[in-house]
Each structure stands twice: as C-alpha cells, then as structure tokens.
Amino acid sequence: MHMSHRSPSTSRRRALSSFLAGVLTLAVVLGSACTGGGGATGAATPAPTSNTRGETLAKVKARGVLRVGVNDALPGFGYLQPDGTFAGFDVDFGRAIAAAVLGDAKKVELVPVSATNRFEALQSGQIDVLLRNTSWTIGRDTTIGMSFSVPTSTLGQESRETRHAIITCRDVHKWYGQFHALRGVTVDIYEGEVVVVVGPSGSAKSTFLRALNRLEPHTSGEIEFDGHRLDAHTPKLHRVRAEMGMVFQGFNLFPHLSVLENVTLAPRLVRHVPEAEAEAHARELLARVGMGDHAERYPGQLSGGQQQRVAIARALAMSPKVMLFDEPTSALDPEMTREVLDVIQDLAHGGMTMVIVTHEMGFAREVADRVLFFDEGQIIEEGPPAQVLGNPREERTRRFLAQAF
C-alpha cells in the first residue's frame with residue numbers, strides 16, 4: 001500500500017471519520033465467532049449472520065478491551081519500537097475502531113501476528129480484529145475521497161460477496177487441435193487475494209495463467225479482468241494487459257541491457273513515464289527485492305535467483321493491479337528458490353493481488369489465501385490451504401499430495 005506525502009484536508013478527515021464509523025456495519029466476522037475453516041491459517045471464513053456479529057461484539061464490550069492483531073514486521077503499518085511498544089498506521093486504525101466499539105481508543109490490546117498465523121489467531125479467539133491493508137482504487141477514491149490508500153478493517157475475514165472480483169472466469173475452455181487443455185474453468189480472483197494454483201505437470205496450470213491476460217487466447221467461455229472482457233474484440237488489449245504483471249519460469253531479461261534499463265524500459269515505452277521518474281521508481285523496486293546494489297550490472301553477471309528478482313521488479317515497475325507468477329522458482333536451486341519466495345511473500349504482506357502457479361507446497365501453505373488444485377484442465381478442489389493441502393476432500397487431491405510431500 002502506498003501513501004502519498006500530502007495531508008488530507010479537513011473534509012477528507014471527516015470522510016475518513018465517516019468511513020471508520022461505517023466499519024462496524026460493514027464488518028463481516030469477529031474472530032471468536034468464526035465458523036468453519038477449523039482455525040486454519042489463511043482460511044476463508046463464510047459470512048456469518050448479523051446475530052453472530054452482535055453476539056461477538058457483546059463479548060468484546062463485556063470484556064472492555066478490543067484485541068487487535070498487528071503484523072509486527074511491516075514498517076510503516078505495524079512494528080515494535082525499541083521501547084517495546086507498537087507503532088504504525090495499523091495501530092492508529094485499531095485504536096480508532098476501539099473508540100468506535102468501546103468509546104475509548106485506549107481500550108485496545110495490540111497482539112503481534114504474522115502472515116502465517118494471523119487467521120489462526122483470529123479464528124481461535126486470540127484476537128478480535130484483523131487489519132488488512134488494501135491498495136488504492138478509483139472506487140475507493142470516489143467513495144471515500146482520500147488522497148492516499150485507506151485500509152479496510154476486517155472484523156474477521158471479508159466474505160467474498162463484499163469483495164471486488166478483479167478476475168472472473170466462466171466456463172473457460174482451451175483446445176489445441178484435438179487436445180482439450182482447459183475444460184470449463186469457472187473461478188473468481190478477488191482484489192487483494194493470493195491464489196496459489198497447484199497440480200500435476202500437464203494439468204494446464206500454466207495455460208490457465210496465460211489465458212488470464214490473453215497471452216494464450218481461450219477457445220470459448222468468458223474471462224473478465226477489472227471489468228474488461230478479454231477476447232479477440234477487446235479494444236486496446238495491450239493497455240489492459242499492462243495492468244497485469246507476469247513473471248515466467250525463464251527470466252526473459254534483455255541480456256544487452258543493464259538491470260536498471262531492464263526495469264525502466266516498459267514504463268518509459270508503454271506508460272511514457274519520464275526517464276528520471278522511471279529510474280527513481282526502478283531503484284526503489286530493486287532495493288525492495290534486494291537488488292539495489294546491482295542496478296548497473298548485466299543479467300549475465302547475476303545468479304538465477306538474482307535474475308528472477310530483477311524480473312519481479314520489472315513486472316512491478318508497471319504498477320500492475322495483479323501479479324501472475326508461472327512457476328517462478330522451477331529453474332532455481334533451493335537457496336535461490338528461498339530468495340525469490342521471500343520477495344513474493346513480501347508482496348503478499350503488502351496486499352498485492354497474485355495468482356501463483358507453483359510446486360512449492362510449503363510455500364503455498366505460507367502465502368495462499370486460497371488454493372486451486374488442477375488436474376486434466378479442471379479445478380478439482382479449491383479452498384483455504386489448510387483444507388486443500390492438509391485435509392483434502394477429493395481422492396485425486398490426496399493422491400497428488402501423497403506424492404508431493
């Protein structure tokens with residue numbers, strides 16, 4: 001989530017106050033009242049009834065303290081200061097919710113959580129509220145009128161009905177001559193969600209990913225991205241496609257260009273960003289992926305893991321709404337694999353919408369909000385990682401995981 005350096009005007013502060021007041025009515029679920037999911041990490045929680053919300057709010061009021069989960073390793077949003085106290089934007093927002101619920105911003109207990117245990121803490125009742133940072137959108141600008149990103153507070157995890165599906169697939173098929181690759185794929189990808197696609201080799205996982213931005217035209221069915229229907233008649237497809245960053249198995253860096261030139265090329269040519277601005281942004285991104293000291297080097301001077309991190313920075317340089325990863329670590333050794341996975345996990349912490357095809361089951365458990373299991377061009381099973389990877393319903397999923405683990 002990026003915040004500008006401008007301070008909001010008085011009217012915008014009032015708009016934010018109104019937004020905070022509306023949080024309670026828009027909230028979906030409180031941790032101690034979660035149903036389903038079995039307390040699993042990253043589990044998607046079904047929408048409860050308003051009675052369930054009311055009962056849990058009553059428990060919070062009876063206790064007199066609102067327990068707020070804060071990621072303690074995300075500077076700017078939540079972090080521990082040297083004196084052992086919390087600070088950050090999430091902290092301020094949590095106190096605002098405590099003020100709305102209990103009438104006193106000081107009646108809040110800040111509990112450190114991580115990306116791997118936040119939902120488990122929520123569903124087990126260790127915390128009542130989980131704050132998730134989401135990126136700025138035109139819709140939020142229209143509704144809230146703020147000049148910077150505004151976090152949405154989730155009392156528990158949002159139900160899918162309240163979230164924006166940025167990618168929609170309906171009965172998608174893909175034929176290669178007589179070979180039926182994709183067989184009626186129907187799925188929604190929600191804004192801010194991390195979806196991991198797993199399955200055996202040859203199950204059309206990569207074909208599905210490439211169809212999402214029409215690098216692989218589908219034969220029939222419907223694919224929509226951010227309100228744009230993707231087909232042979234999509235006007236200015238290149239502009240729509242520019243909103244999706246993609247990282248491939250191969251690094252595909254231009255060998256004759258430096259690292260910095262590789263990252264700045266697309267923003268300058270496609271988005272017409274001034275060279276100085278593109279370079280400054282590129283250096284920020286390279287620092288973010290741990291490659292800030294390598295900006296003047298050439299791809300041939302880098303390891304595989306370093307090249308893949310540059311490829312991620314290059315995709316991010318276009319400021320995409322969605323990132324697509326097609327087995328980004330398949331060509332890397334274990335040590336380099338960890339380097340790349342750490343970068344992707346950092347993006348997940350920041351709220352980036354991502355669809356990731358991978359064979360790294362441990363990583364899928366850590367980072368996914370939802371897992372799709374593919375076989376023979378179909379989604380055989382989907383759900384939170386703890387369910388799909390830990391307690392799958394389908395026999396085909398169980399057989400695959402028995403081999404994978």
# chains A, B, ... in the order shown; residues from 1 in each chain; ligands from 1
>>> residues_around(residues="Asn262 in chain A", least_positions_apart="4", cutoff="9 Å", atoms="only C-alpha atoms", output="VMD selection string")
chain A and resid 253 to 255 257 to 258 266 310 to 311 314
>>> residues_around(residues="Thr264 in chain A", least_positions_apart="3", cutoff="8 Å", atoms="only C-alpha atoms", output="JSON, numbers by chain")
{"A": [260, 261, 267, 268, 275, 278, 279, 282, 314, 317]}
>>> closest_residue(among="A:Ala402, A:Val195, A:Leu66, A:Leu285", to="Met352 in chain A", atoms="only C-alpha atoms")
A:Val195
>>> select_by_dssp(residues="range 213-400 of chain A", states="helix (DSSP H, G or I)", output="PyMOL selection string")
chain A and resi 237-241+259-270+275-288+292-294+299-301+304-316+334-349+361-367+385-388+395-400
>>> residues_around(residues="Gln403 in chain A", least_positions_apart="5", cutoff="12 Å", atoms="only C-alpha atoms", output="PyMOL selection string")
chain A and resi 199-200+359+361+396-398
>>> write_last_selection(atoms="N, CA, C and O atoms", output="compact mmCIF listing (two decimals), in the first residue's frame")
# COMPACT_ATOMS: atom_id res chain seq x y z
N GLY A 199 -0.95 -28.64 -8.78
CA GLY A 199 -1.44 -29.80 -9.51
C GLY A 199 -0.32 -30.47 -10.26
O GLY A 199 0.80 -29.94 -10.35
N PRO A 200 -0.57 -31.66 -10.81
CA PRO A 200 0.49 -32.40 -11.52
C PRO A 200 0.92 -31.70 -12.80
O PRO A 200 0.19 -30.86 -13.34
N HIS A 359 5.02 -25.54 -7.55
CA HIS A 359 5.09 -26.89 -6.99
C HIS A 359 5.62 -26.85 -5.56
O HIS A 359 5.84 -27.91 -4.95
N MET A 361 4.87 -26.72 -2.17
CA MET A 361 3.70 -26.90 -1.32
C MET A 361 3.84 -26.16 0.02
O MET A 361 2.87 -25.60 0.53
N ARG A 396 -8.41 -37.53 -5.73
CA ARG A 396 -7.33 -37.16 -6.65
C ARG A 396 -6.36 -36.20 -5.98
O ARG A 396 -5.14 -36.29 -6.17
N THR A 397 -6.86 -35.27 -5.20
CA THR A 397 -6.00 -34.33 -4.47
C THR A 397 -5.15 -35.09 -3.47
O THR A 397 -3.94 -34.82 -3.33
N ARG A 398 -5.73 -36.04 -2.75
CA ARG A 398 -4.99 -36.81 -1.75
C ARG A 398 -3.86 -37.60 -2.39
O ARG A 398 -2.74 -37.67 -1.85
>>> closest_residue(among="A:Met244, A:Gly377, A:Asp104, A:Val322", to="Phe179 in chain A", atoms="only C-alpha atoms")
A:Gly377
>>> atom_distance(atom1="CA of Ser220 in chain A", atom2="CA of Pro328 in chain A")
27.9 Å
>>> residues_around(residues="Gln308 in chain A", least_positions_apart="2", cutoff="10 Å", atoms="only C-alpha atoms", output="ChimeraX atom specification")
/A:247-253,289,299,302-306,310-314,328-329,331-332,336-337,339-340
>>> select_by_dssp(residues="range 319-391 of chain A", states="strand (DSSP E or B)", output="NGL selection string")
:A and (322-326 or 353-357 or 370-375 or 378-383)
>>> atom_distance(atom1="CA of Arg241 in chain A", atom2="CA of Gly227 in chain A")
12.7 Å
>>> closest_residue(among="A:Val65, A:Glu193, A:Ala287, A:Glu335", to="Ala368 in chain A", atoms="only C-alpha atoms")
A:Glu193
>>> residues_around(residues="Arg95 in chain A", least_positions_apart="6", cutoff="12 Å", atoms="only C-alpha atoms", output="PyMOL selection string")
chain A and resi 20+65-70+86-89+101-110+129+131+153
>>> closest_residue(among="A:Ala58, A:Leu389, A:Asp346, A:Thr207", to="Glu360 in chain A", atoms="only C-alpha atoms")
A:Leu389
>>> closest_residue(among="A:Leu286, A:Ile356, A:Asp293, A:Gln345", to="Arg210 in chain A", atoms="only C-alpha atoms")
A:Ile356
>>> residues_around(residues="Val198 in chain A", least_positions_apart="2", cutoff="8 Å", atoms="only C-alpha atoms", output="list in words")
Val196, Pro200, Lys205, Val357, Thr358, His359, Val371, Leu372, Phe373 and Phe374 of chain A
